[in-house]
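Student: What follows is protein-v4.cif; its format and atoms are mmCIF, C-alpha atoms.
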data_coords
#
loop_
_atom_site.label_atom_id
_atom_site.label_comp_id
_atom_site.auth_asym_id
_atom_site.auth_seq_id
_atom_site.Cartn_x
_atom_site.Cartn_y
_atom_site.Cartn_z
CA MET A 853 -27.38 -28.91 -12.77
CA ALA A 854 -23.70 -28.11 -12.66
CA ASP A 855 -22.82 -24.87 -10.95
CA THR A 856 -22.34 -22.87 -14.11
CA LYS A 857 -21.69 -19.15 -13.94
CA LEU A 858 -24.06 -17.45 -16.37
CA GLU A 859 -21.78 -14.79 -17.79
CA PRO A 860 -21.13 -13.75 -21.38
CA GLY A 861 -19.01 -16.30 -23.21
CA ALA A 862 -19.69 -19.11 -20.73
CA ALA A 863 -20.76 -22.48 -22.07
CA VAL A 864 -24.09 -23.68 -20.64
CA PRO A 865 -24.57 -27.32 -19.58
CA GLU A 866 -25.04 -29.45 -22.67
CA LEU A 867 -27.99 -31.75 -23.19
CA THR A 868 -27.71 -35.06 -25.01
CA VAL A 869 -30.54 -37.33 -25.98
CA THR A 870 -30.78 -40.28 -28.38
CA PRO A 871 -34.33 -40.52 -29.73
CA ASP A 872 -35.21 -44.18 -30.16
CA LYS A 873 -36.69 -45.64 -33.33
CA TYR A 874 -40.28 -44.93 -32.22
CA VAL A 875 -39.88 -41.36 -30.97
CA PRO A 876 -41.30 -39.92 -34.21
CA HIS A 877 -44.39 -42.10 -33.77
CA ARG A 878 -44.87 -41.06 -30.16
CA TYR A 879 -44.27 -37.41 -31.04
CA ALA A 880 -46.77 -37.70 -33.91
CA GLY A 881 -49.40 -38.96 -31.48
CA ALA A 882 -48.57 -36.34 -28.87
CA SER A 883 -48.50 -33.45 -31.33
CA GLY A 884 -51.03 -34.56 -33.93
CA ASP A 885 -48.48 -34.18 -36.77
CA PHE A 886 -48.76 -37.46 -38.68
CA ASN A 887 -46.91 -36.32 -41.81
CA PRO A 888 -45.70 -39.68 -43.22
CA ILE A 889 -42.14 -38.39 -43.77
CA HIS A 890 -41.79 -38.71 -39.98
CA ILE A 891 -43.35 -42.12 -39.40
CA ASP A 892 -43.10 -44.10 -42.64
CA ALA A 893 -39.58 -44.96 -43.81
CA GLU A 894 -40.79 -46.25 -47.19
CA PHE A 895 -42.76 -43.09 -47.88
CA ALA A 896 -39.79 -40.96 -46.79
CA LYS A 897 -37.47 -42.79 -49.20
CA ALA A 898 -40.01 -42.48 -52.01
CA VAL A 899 -39.84 -38.68 -51.66
CA GLY A 900 -36.05 -38.65 -51.63
CA LEU A 901 -35.23 -38.67 -47.93
CA PRO A 902 -32.69 -41.14 -46.51
CA GLN A 903 -35.26 -42.47 -44.01
CA ASN A 904 -38.09 -41.16 -41.84
CA ILE A 905 -36.93 -37.97 -40.12
CA LEU A 906 -37.54 -36.34 -36.75
CA HIS A 907 -40.15 -33.63 -36.44
CA GLY A 908 -38.41 -30.24 -36.41
CA LEU A 909 -40.56 -29.19 -33.48
CA TYR A 910 -39.37 -32.27 -31.55
CA SER A 911 -35.80 -31.08 -32.07
CA MET A 912 -36.85 -27.57 -31.02
CA ALA A 913 -38.36 -29.11 -27.87
CA GLN A 914 -34.91 -30.53 -27.05
CA VAL A 915 -33.44 -27.03 -27.41
CA ALA A 916 -36.20 -25.77 -25.11
CA ARG A 917 -35.36 -28.49 -22.57
CA ALA A 918 -31.69 -27.49 -22.66
CA ALA A 919 -32.63 -23.82 -22.16
CA THR A 920 -34.94 -24.67 -19.25
CA GLN A 921 -32.12 -26.72 -17.72
CA THR A 922 -29.87 -23.66 -17.98
CA GLY A 923 -32.63 -21.66 -16.30
CA GLY A 924 -32.48 -23.96 -13.28
CA GLY A 925 -35.23 -26.33 -14.39
CA ASP A 926 -38.27 -24.06 -13.98
CA PRO A 927 -40.26 -24.02 -17.24
CA ARG A 928 -41.35 -20.46 -16.41
CA SER A 929 -37.75 -19.28 -16.83
CA LEU A 930 -37.97 -19.71 -20.62
CA LYS A 931 -39.47 -16.52 -22.08
CA ARG A 932 -38.51 -16.67 -25.72
CA LEU A 933 -36.97 -19.15 -28.13
CA SER A 934 -36.25 -18.69 -31.79
CA VAL A 935 -34.67 -21.33 -34.01
CA GLN A 936 -33.83 -22.10 -37.61
CA PHE A 937 -34.32 -25.64 -38.88
CA ARG A 938 -31.54 -26.92 -41.13
CA GLY A 939 -30.62 -30.37 -42.23
CA MET A 940 -32.63 -33.32 -41.00
CA GLY A 941 -32.75 -34.99 -37.64
CA ILE A 942 -33.02 -38.76 -37.66
CA PRO A 943 -33.94 -41.31 -34.98
CA GLU A 944 -31.38 -43.53 -33.25
CA GLN A 945 -28.59 -40.98 -33.38
CA GLU A 946 -27.50 -38.81 -30.46
CA ILE A 947 -28.64 -35.18 -30.47
CA ARG A 948 -26.26 -32.81 -28.72
CA VAL A 949 -27.53 -29.37 -27.69
CA THR A 950 -24.84 -26.87 -26.76
CA GLY A 951 -24.99 -23.18 -25.98
CA THR A 952 -23.03 -20.09 -25.04
CA VAL A 953 -24.23 -17.16 -22.96
CA ARG A 954 -24.33 -14.04 -25.10
CA GLU A 955 -25.76 -11.46 -22.74
CA VAL A 956 -26.72 -11.10 -19.07
CA ARG A 957 -28.64 -8.13 -17.74
CA ASP A 958 -30.96 -7.69 -14.74
CA GLY A 959 -31.77 -11.39 -14.50
CA ARG A 960 -32.27 -11.69 -18.25
CA VAL A 961 -29.96 -14.16 -19.96
CA VAL A 962 -29.65 -14.68 -23.71
CA VAL A 963 -28.09 -17.98 -24.82
CA ASP A 964 -26.98 -18.86 -28.36
CA THR A 965 -27.65 -22.52 -29.00
CA VAL A 966 -27.27 -25.21 -31.66
CA ALA A 967 -28.42 -28.82 -31.84
CA GLU A 968 -26.38 -31.30 -33.87
CA GLN A 969 -26.24 -34.96 -34.75
CA SER A 970 -22.82 -36.36 -35.74
CA GLY A 971 -21.59 -32.87 -36.52
CA ASN A 972 -24.62 -32.08 -38.70
CA GLN A 973 -26.53 -29.09 -37.33
CA ILE A 974 -30.26 -29.77 -37.23
CA VAL A 975 -31.22 -26.62 -35.30
CA ARG A 976 -29.06 -23.59 -35.76
CA ASN A 977 -28.98 -19.92 -34.77
CA ALA A 978 -31.20 -20.75 -31.81
CA GLU A 979 -31.58 -17.91 -29.37
CA ALA A 980 -33.10 -18.54 -25.94
CA GLU A 981 -34.10 -15.77 -23.58
CA LEU A 982 -34.34 -16.74 -19.92
CA TYR A 983 -35.38 -14.81 -16.85
CA ILE A 984 -33.64 -16.12 -13.79
CA MET B 998 -45.54 -15.08 -56.35
CA GLU B 999 -49.03 -14.65 -57.71
CA GLY B 1000 -51.16 -11.64 -56.90
CA THR B 1001 -53.79 -13.70 -55.09
CA ALA B 1002 -51.26 -14.96 -52.56
CA SER B 1003 -49.74 -11.56 -51.77
CA ALA B 1004 -53.25 -10.17 -51.29
CA SER B 1005 -53.57 -12.60 -48.38
CA VAL B 1006 -50.97 -10.78 -46.29
CA GLY B 1007 -52.68 -9.47 -43.18
CA LYS B 1008 -55.45 -12.03 -43.39
CA THR B 1009 -56.66 -13.24 -40.00
CA HIS B 1010 -57.79 -16.83 -39.77
CA ARG B 1011 -60.55 -18.50 -37.82
CA PRO B 1012 -59.71 -18.81 -34.08
CA PHE B 1013 -59.20 -22.32 -32.74
CA GLU B 1014 -60.16 -23.35 -29.20
CA TYR B 1015 -58.30 -26.12 -27.38
CA GLU B 1016 -59.01 -27.53 -23.92
CA VAL B 1017 -55.82 -28.68 -22.23
CA GLY B 1018 -56.03 -32.17 -20.71
CA ARG B 1019 -53.73 -33.51 -18.02
CA GLU B 1020 -53.10 -36.77 -19.86
CA LYS B 1021 -52.31 -34.88 -23.06
CA ILE B 1022 -49.66 -32.88 -21.19
CA ARG B 1023 -48.20 -36.12 -19.81
CA GLU B 1024 -48.26 -37.76 -23.25
CA TYR B 1025 -46.46 -34.76 -24.75
CA ALA B 1026 -43.96 -34.54 -21.88
CA ASN B 1027 -43.16 -38.25 -22.25
CA ALA B 1028 -42.73 -37.93 -26.03
CA VAL B 1029 -40.16 -35.12 -25.74
CA GLY B 1030 -38.45 -36.32 -22.56
CA GLU B 1031 -39.67 -33.65 -20.11
CA ALA B 1032 -39.22 -35.47 -16.79
CA ASN B 1033 -39.87 -32.55 -14.41
CA PRO B 1034 -42.67 -33.71 -12.04
CA VAL B 1035 -44.55 -30.40 -12.55
CA HIS B 1036 -45.50 -31.79 -16.01
CA HIS B 1037 -46.78 -35.10 -14.57
CA ASP B 1038 -47.94 -34.79 -10.97
CA PRO B 1039 -50.64 -32.37 -9.76
CA ALA B 1040 -49.19 -32.24 -6.22
CA ALA B 1041 -45.70 -31.42 -7.50
CA ALA B 1042 -47.14 -28.80 -9.85
CA ARG B 1043 -49.13 -27.12 -7.06
CA ALA B 1044 -46.13 -27.23 -4.73
CA ALA B 1045 -44.22 -25.31 -7.42
CA GLY B 1046 -46.96 -22.67 -7.64
CA PHE B 1047 -48.89 -23.92 -10.68
CA ARG B 1048 -52.68 -24.22 -10.56
CA ASN B 1049 -52.52 -27.75 -11.99
CA VAL B 1050 -50.18 -30.00 -14.01
CA ALA B 1051 -48.11 -27.57 -16.09
CA ALA B 1052 -47.60 -27.80 -19.85
CA PRO B 1053 -43.97 -27.68 -21.01
CA PRO B 1054 -43.36 -24.45 -22.97
CA MET B 1055 -43.23 -26.24 -26.32
CA PHE B 1056 -46.66 -27.79 -25.67
CA CYS B 1057 -47.82 -24.57 -27.33
CA VAL B 1058 -47.44 -26.34 -30.68
CA VAL B 1059 -50.14 -28.80 -29.61
CA TYR B 1060 -52.78 -26.22 -28.76
CA SER B 1061 -51.80 -23.95 -31.68
CA ALA B 1062 -51.87 -26.64 -34.36
CA GLY B 1063 -55.59 -26.36 -35.02
CA ALA B 1064 -55.18 -22.68 -35.83
CA MET B 1065 -52.01 -23.05 -37.92
CA GLY B 1066 -53.26 -25.87 -40.16
CA PRO B 1067 -56.03 -23.84 -41.83
CA ALA B 1068 -53.73 -20.80 -42.14
CA ILE B 1069 -51.04 -22.79 -43.95
CA LEU B 1070 -53.61 -24.67 -46.05
CA ASP B 1071 -55.41 -21.44 -47.01
CA PRO B 1072 -56.43 -22.07 -50.65
CA GLU B 1073 -55.61 -18.45 -51.48
CA LEU B 1074 -51.97 -19.20 -50.73
CA GLY B 1075 -51.90 -22.44 -52.72
CA ILE B 1076 -48.86 -23.79 -50.86
CA ASN B 1077 -47.60 -27.10 -52.26
CA LEU B 1078 -47.04 -29.07 -49.06
CA MET B 1079 -44.76 -31.55 -50.83
CA LEU B 1080 -42.32 -28.70 -51.48
CA MET B 1081 -42.69 -27.01 -48.09
CA VAL B 1082 -40.23 -27.13 -45.22
CA HIS B 1083 -40.45 -25.56 -41.79
CA GLY B 1084 -37.74 -22.89 -42.00
CA SER B 1085 -37.78 -21.18 -38.65
CA GLN B 1086 -39.86 -20.77 -35.55
CA GLU B 1087 -40.08 -18.34 -32.68
CA PHE B 1088 -42.17 -18.45 -29.51
CA GLU B 1089 -42.51 -15.84 -26.80
CA TRP B 1090 -44.23 -17.16 -23.71
CA GLY B 1091 -46.49 -15.38 -21.25
CA GLU B 1092 -48.86 -16.88 -18.70
CA PRO B 1093 -48.07 -20.58 -18.02
CA VAL B 1094 -50.58 -23.14 -19.35
CA VAL B 1095 -51.95 -25.85 -17.04
CA ALA B 1096 -54.40 -28.74 -17.31
CA GLY B 1097 -57.96 -27.47 -17.53
CA ASP B 1098 -57.08 -24.25 -19.36
CA VAL B 1099 -59.02 -23.39 -22.50
CA ILE B 1100 -56.68 -21.80 -25.03
CA THR B 1101 -57.86 -19.87 -28.07
CA THR B 1102 -55.33 -19.32 -30.86
CA GLN B 1103 -55.65 -16.97 -33.78
CA ALA B 1104 -53.29 -17.06 -36.75
CA THR B 1105 -52.47 -14.28 -39.20
CA THR B 1106 -50.75 -14.47 -42.56
CA LYS B 1107 -47.97 -11.97 -41.83
CA ASP B 1108 -45.67 -11.89 -44.83
CA ILE B 1109 -44.89 -13.58 -48.13
CA PHE B 1110 -41.61 -12.93 -49.88
CA GLU B 1111 -39.17 -14.53 -52.27
CA LYS B 1112 -35.48 -15.12 -51.66
CA ASN B 1113 -32.97 -17.31 -53.51
CA GLY B 1114 -35.71 -18.76 -55.70
CA MET B 1115 -37.77 -19.86 -52.72
CA THR B 1116 -40.99 -18.43 -51.33
CA PHE B 1117 -41.17 -17.65 -47.63
CA TYR B 1118 -44.54 -17.69 -45.90
CA VAL B 1119 -44.58 -16.08 -42.45
CA PHE B 1120 -47.49 -16.66 -40.07
CA GLU B 1121 -48.04 -15.20 -36.64
CA SER B 1122 -50.16 -16.67 -33.90
CA GLU B 1123 -51.37 -15.45 -30.56
CA SER B 1124 -52.86 -17.76 -27.95
CA LYS B 1125 -54.89 -16.64 -24.95
CA ASN B 1126 -56.30 -18.56 -22.02
CA GLN B 1127 -59.86 -18.46 -20.64
CA ASP B 1128 -58.99 -15.29 -18.68
CA GLY B 1129 -57.79 -13.47 -21.79
CA GLU B 1130 -54.13 -13.73 -20.74
CA THR B 1131 -51.65 -14.30 -23.56
CA THR B 1132 -49.90 -17.65 -23.15
CA VAL B 1133 -47.73 -17.56 -26.26
CA LYS B 1134 -47.05 -15.59 -29.41
CA GLY B 1135 -45.58 -17.54 -32.31
CA THR B 1136 -43.87 -16.68 -35.58
CA TRP B 1137 -43.91 -19.60 -38.02
CA THR B 1138 -41.86 -19.43 -41.23
CA ASN B 1139 -42.43 -22.02 -43.93
CA ILE B 1140 -40.28 -22.18 -47.06
CA VAL B 1141 -41.50 -23.51 -50.38
CA ARG B 1142 -38.93 -24.55 -52.97
CA ALA B 1143 -39.59 -23.69 -56.59
CA GLY B 1144 -41.70 -26.51 -58.05
#
Here is a file; write its structure as structure tokens.
Tutor:
Amino acid sequence: MADTKLEPGAAVPELTVTPDKYVPHRYAGASGDFNPIHIDAEFAKAVGLPQNILHGLYSMAQVARAATQTGGGDPRSLKRLSVQFRGMGIPEQEIRVTGTVREVRDGRVVVDTVAEQSGNQIVRNAEAELYI
Amino acid sequence: MEGTASASVGKTHRPFEYEVGREKIREYANAVGEANPVHHDPAAARAAGFRNVAAPPMFCVVYSAGAMGPAILDPELGINLMLMVHGSQEFEWGEPVVAGDVITTQATTKDIFEKNGMTFYVFESESKNQDGETTVKGTWTNIVRAG
């Protein structure tokens, strides 16, 4: 991880990931969420979506990975994460997770985070609380 | 909102028990791109102070799912799944979860309210391990558009 100073206003290291075409299928198997809007493009189109879409909780997991990375990589550093799901994430397009430190006190760091694809926010108003 | 649904606020749902498997942690970690060896390798996990292969924080959705499904599908709520979207989510983590843990999750219907013509259903969950230690508390908000 880059040597980032965790102080209010500082940008945290960004995380980018491009979920491949089959990520929704693997995530469905791993999570048990087989809602066809995630794994069946024809079904998704039949209910008015542009294509099959990413699981929101997969996108949240990318925000959690970014927060853990900010916390130095130890999964125990992540104490709280709240997110709002907006828009739709889709496979085969880069997800970019960025964040800004809001508050630092006694080893507790609060980071405001968003995840976007091509400028379209898919997770917004995310707030991660880390203990470092 | 109908009276039946609002009467469900405060309702506690049947607890769900989940035994955490090492391969399930690896499968989940691979699906979301968690490459840290503590999520894959018992020796690396123990060297880092975990009792066994450690679950990534967001693995909580895997062991909570069996408690959340029945809460959301509660016939008293009558949620139309075709019109439902996952609006927001919060987790607060406690004791880390590792392979071999047995996690029991209990869900509660916390709140139902209407805003901008949509109905918001808020559920809370609390998960505890075999020693009674809380591993995660969740707040799950689902939004149902007017049908």
Student: Which distance in Å separates CA of Gly881 in chain A and CA of Val1059 in chain B, to one decimal?
Tutor: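 Taking CA of Gly881 in chain A and CA of Val1059 in chain B, their separation equals 10.4 Å.
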Student: Just how far from CA of Met1079 in chain B is CA of Lys1008 in chain B, in Å to one decimal?
Tutor: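 So the answer is 23.5 Å.
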Student: Per residue of chain B within 10 Å of chain A, record the nearest atom pair and its distance in Å to one decimal, counting all atoms listed in the file, with rows in chain order and ascending residue number, as JSON lines.
Tutor:
{"residue": "B:Lys1021", "atom": "CA", "partner": "A:Ala882", "partner_atom": "CA", "distance": 7.1}
{"residue": "B:Ile1022", "atom": "CA", "partner": "A:Ala882", "partner_atom": "CA", "distance": 8.5}
{"residue": "B:Arg1023", "atom": "CA", "partner": "A:Ala882", "partner_atom": "CA", "distance": 9.1}
{"residue": "B:Glu1024", "atom": "CA", "partner": "A:Ala882", "partner_atom": "CA", "distance": 5.8}
{"residue": "B:Tyr1025", "atom": "CA", "partner": "A:Ala882", "partner_atom": "CA", "distance": 4.9}
{"residue": "B:Ala1026", "atom": "CA", "partner": "A:Ala882", "partner_atom": "CA", "distance": 8.6}
{"residue": "B:Asn1027", "atom": "CA", "partner": "A:Arg878", "partner_atom": "CA", "distance": 8.6}
{"residue": "B:Ala1028", "atom": "CA", "partner": "A:Tyr879", "partner_atom": "CA", "distance": 5.3}
{"residue": "B:Val1029", "atom": "CA", "partner": "A:Tyr910", "partner_atom": "CA", "distance": 6.5}
{"residue": "B:Gly1030", "atom": "CA", "partner": "A:Gln914", "partner_atom": "CA", "distance": 8.1}
{"residue": "B:Glu1031", "atom": "CA", "partner": "A:Arg917", "partner_atom": "CA", "distance": 7.2}
{"residue": "B:Ala1032", "atom": "CA", "partner": "A:Arg917", "partner_atom": "CA", "distance": 9.9}
{"residue": "B:Asn1033", "atom": "CA", "partner": "A:Gly925", "partner_atom": "CA", "distance": 7.8}
{"residue": "B:Val1035", "atom": "CA", "partner": "A:Pro927", "partner_atom": "CA", "distance": 9.0}
{"residue": "B:His1036", "atom": "CA", "partner": "A:Pro927", "partner_atom": "CA", "distance": 9.5}
{"residue": "B:Ala1045", "atom": "CA", "partner": "A:Asp926", "partner_atom": "CA", "distance": 8.9}
{"residue": "B:Ala1051", "atom": "CA", "partner": "A:Pro927", "partner_atom": "CA", "distance": 8.7}
{"residue": "B:Ala1052", "atom": "CA", "partner": "A:Pro927", "partner_atom": "CA", "distance": 8.7}
{"residue": "B:Pro1053", "atom": "CA", "partner": "A:Pro927", "partner_atom": "CA", "distance": 6.4}
{"residue": "B:Pro1054", "atom": "CA", "partner": "A:Pro927", "partner_atom": "CA", "distance": 6.5}
{"residue": "B:Met1055", "atom": "CA", "partner": "A:Ala913", "partner_atom": "CA", "distance": 5.9}
{"residue": "B:Phe1056", "atom": "CA", "partner": "A:Ser883", "partner_atom": "CA", "distance": 8.2}
{"residue": "B:Cys1057", "atom": "CA", "partner": "A:Ser883", "partner_atom": "CA", "distance": 9.8}
{"residue": "B:Val1058", "atom": "CA", "partner": "A:Ser883", "partner_atom": "CA", "distance": 7.2}
{"residue": "B:Val1059", "atom": "CA", "partner": "A:Ser883", "partner_atom": "CA", "distance": 5.2}
{"residue": "B:Tyr1060", "atom": "CA", "partner": "A:Ser883", "partner_atom": "CA", "distance": 8.8}
{"residue": "B:Ala1062", "atom": "CA", "partner": "A:Gly884", "partner_atom": "CA", "distance": 8.0}
{"residue": "B:Gly1063", "atom": "CA", "partner": "A:Gly884", "partner_atom": "CA", "distance": 9.4}
{"residue": "B:Met1079", "atom": "CA", "partner": "A:Val899", "partner_atom": "CA", "distance": 8.7}
{"residue": "B:Val1082", "atom": "CA", "partner": "A:Phe937", "partner_atom": "CA", "distance": 8.8}
{"residue": "B:His1083", "atom": "CA", "partner": "A:Phe937", "partner_atom": "CA", "distance": 6.8}
{"residue": "B:Gly1084", "atom": "CA", "partner": "A:Phe937", "partner_atom": "CA", "distance": 5.4}
{"residue": "B:Ser1085", "atom": "CA", "partner": "A:Gln936", "partner_atom": "CA", "distance": 4.2}
{"residue": "B:Gln1086", "atom": "CA", "partner": "A:Val935", "partner_atom": "CA", "distance": 5.4}
{"residue": "B:Glu1087", "atom": "CA", "partner": "A:Ser934", "partner_atom": "CA", "distance": 3.9}
{"residue": "B:Phe1088", "atom": "CA", "partner": "A:Leu933", "partner_atom": "CA", "distance": 5.4}
{"residue": "B:Glu1089", "atom": "CA", "partner": "A:Arg932", "partner_atom": "CA", "distance": 4.2}
{"residue": "B:Trp1090", "atom": "CA", "partner": "A:Lys931", "partner_atom": "CA", "distance": 5.1}
{"residue": "B:Gly1091", "atom": "CA", "partner": "A:Lys931", "partner_atom": "CA", "distance": 7.2}
{"residue": "B:Glu1092", "atom": "CA", "partner": "A:Arg928", "partner_atom": "CA", "distance": 8.6}
{"residue": "B:Pro1093", "atom": "CA", "partner": "A:Arg928", "partner_atom": "CA", "distance": 6.9}
{"residue": "B:Val1133", "atom": "CA", "partner": "A:Arg932", "partner_atom": "CA", "distance": 9.3}
{"residue": "B:Lys1134", "atom": "CA", "partner": "A:Arg932", "partner_atom": "CA", "distance": 9.4}
{"residue": "B:Gly1135", "atom": "CA", "partner": "A:Ser934", "partner_atom": "CA", "distance": 9.4}
{"residue": "B:Thr1136", "atom": "CA", "partner": "A:Ser934", "partner_atom": "CA", "distance": 8.7}
{"residue": "B:Trp1137", "atom": "CA", "partner": "A:Ser934", "partner_atom": "CA", "distance": 9.9}
{"residue": "B:Thr1138", "atom": "CA", "partner": "A:Gln936", "partner_atom": "CA", "distance": 9.2}
Student: Can you work out which one of B:Asp1098, B:Ile1140, B:Ala1064, B:Gly1129 has the shortest atom-to-atom distance to Lys1112 in chain B, counting all atoms listed in the file?
Tutor: B:Ile1140
Student: Take CA of Glu859 in chain A and CA of Val953 in chain A and report the distance between them in Å, one decimal.
Tutor: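 Between CA of Glu859 in chain A and CA of Val953 in chain A the gap is 6.2 Å.
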Student: Using all atoms listed in the file, pick whichever of B:Glu1130, B:Asn1113, B:Phe1120, B:Val1095 has the shortest atom-to-atom distance to Gly1046 in chain B.
Tutor: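 Of B:Glu1130, B:Asn1113, B:Phe1120, B:Val1095, the one nearest Gly1046 in chain B is B:Val1095, counting all atoms listed in the file.
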Student: What's around Glu968 in chain A at 10 Å? Count only C-alpha atoms, leave out sequence neighbours fewer than 6 positions away in its own chain, and write the answer as an MDAnalysis selection string.
Tutor: chainID A and resid 868 911 938:941 945:950 974:976
Student: Kindly indicate which residue among B:Gly1007, B:Ala1104, B:Val1141, B:Val1017 lies nearest to Gly1075 in chain B, using all atoms listed in the file for the distances.
Tutor: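 Closest candidate: B:Val1141.
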Student: Do a neighbour search on Pro943 in chain A at 7 Å with all atoms listed in the file, toss out local chain neighbours closer than 4 positions, and write the hits as a ChimeraX atom specification.
Tutor: /A:871-873,905-906
Student: Can I get the selected residues back with C-alpha atoms, as an mmCIF file, in the coordinates of the input?
Tutor:
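part.cif, freshly written:
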data_model
loop_
_atom_site.group_PDB
_atom_site.id
_atom_site.type_symbol
_atom_site.label_atom_id
_atom_site.label_comp_id
_atom_site.auth_asym_id
_atom_site.auth_seq_id
_atom_site.Cartn_x
_atom_site.Cartn_y
_atom_site.Cartn_z
ATOM 1 C CA PRO A 871 -34.330 -40.520 -29.730
ATOM 2 C CA ASP A 872 -35.210 -44.180 -30.160
ATOM 3 C CA LYS A 873 -36.690 -45.640 -33.330
ATOM 4 C CA ILE A 905 -36.930 -37.970 -40.120
ATOM 5 C CA LEU A 906 -37.540 -36.340 -36.750
#
Student: Could you expand the PyMOL selection byres ((chain B and resi 1078) around 12) into the explicit residues it covers here, written as an NGL selection string?
Tutor: (:A and (887 or 889)) or (:B and (1066 or 1069-1072 or 1074-1077 or 1079-1083 or 1139-1144))
Student: My list of candidates is B:Phe1047, B:Ala1002, B:Ala1040, B:Thr1009. Which is closest to Thr1105 in chain B when distances are computed with all atoms listed in the file?
Tutor: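 Ranking B:Phe1047, B:Ala1002, B:Ala1040, B:Thr1009 by distance to Thr1105 in chain B, first place goes to B:Thr1009.
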Student: Around the point (-28.9, -10.0, -19.5), in the coordinates given by the file, pick out the residues reaching within 10 Å, counting all atoms listed in the file, and return them as a list in words.
Tutor: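 Counting all atoms listed in the file, I find these residues within 10 Å of (-28.9, -10.0, -19.5): Leu858, Glu859, Pro860, Val953, Arg954, Glu955, Val956, Arg957, Asp958, Gly959, Arg960, Val961, Val962, Val963, Glu981, Leu982, Tyr983 and Ile984 of chain A.
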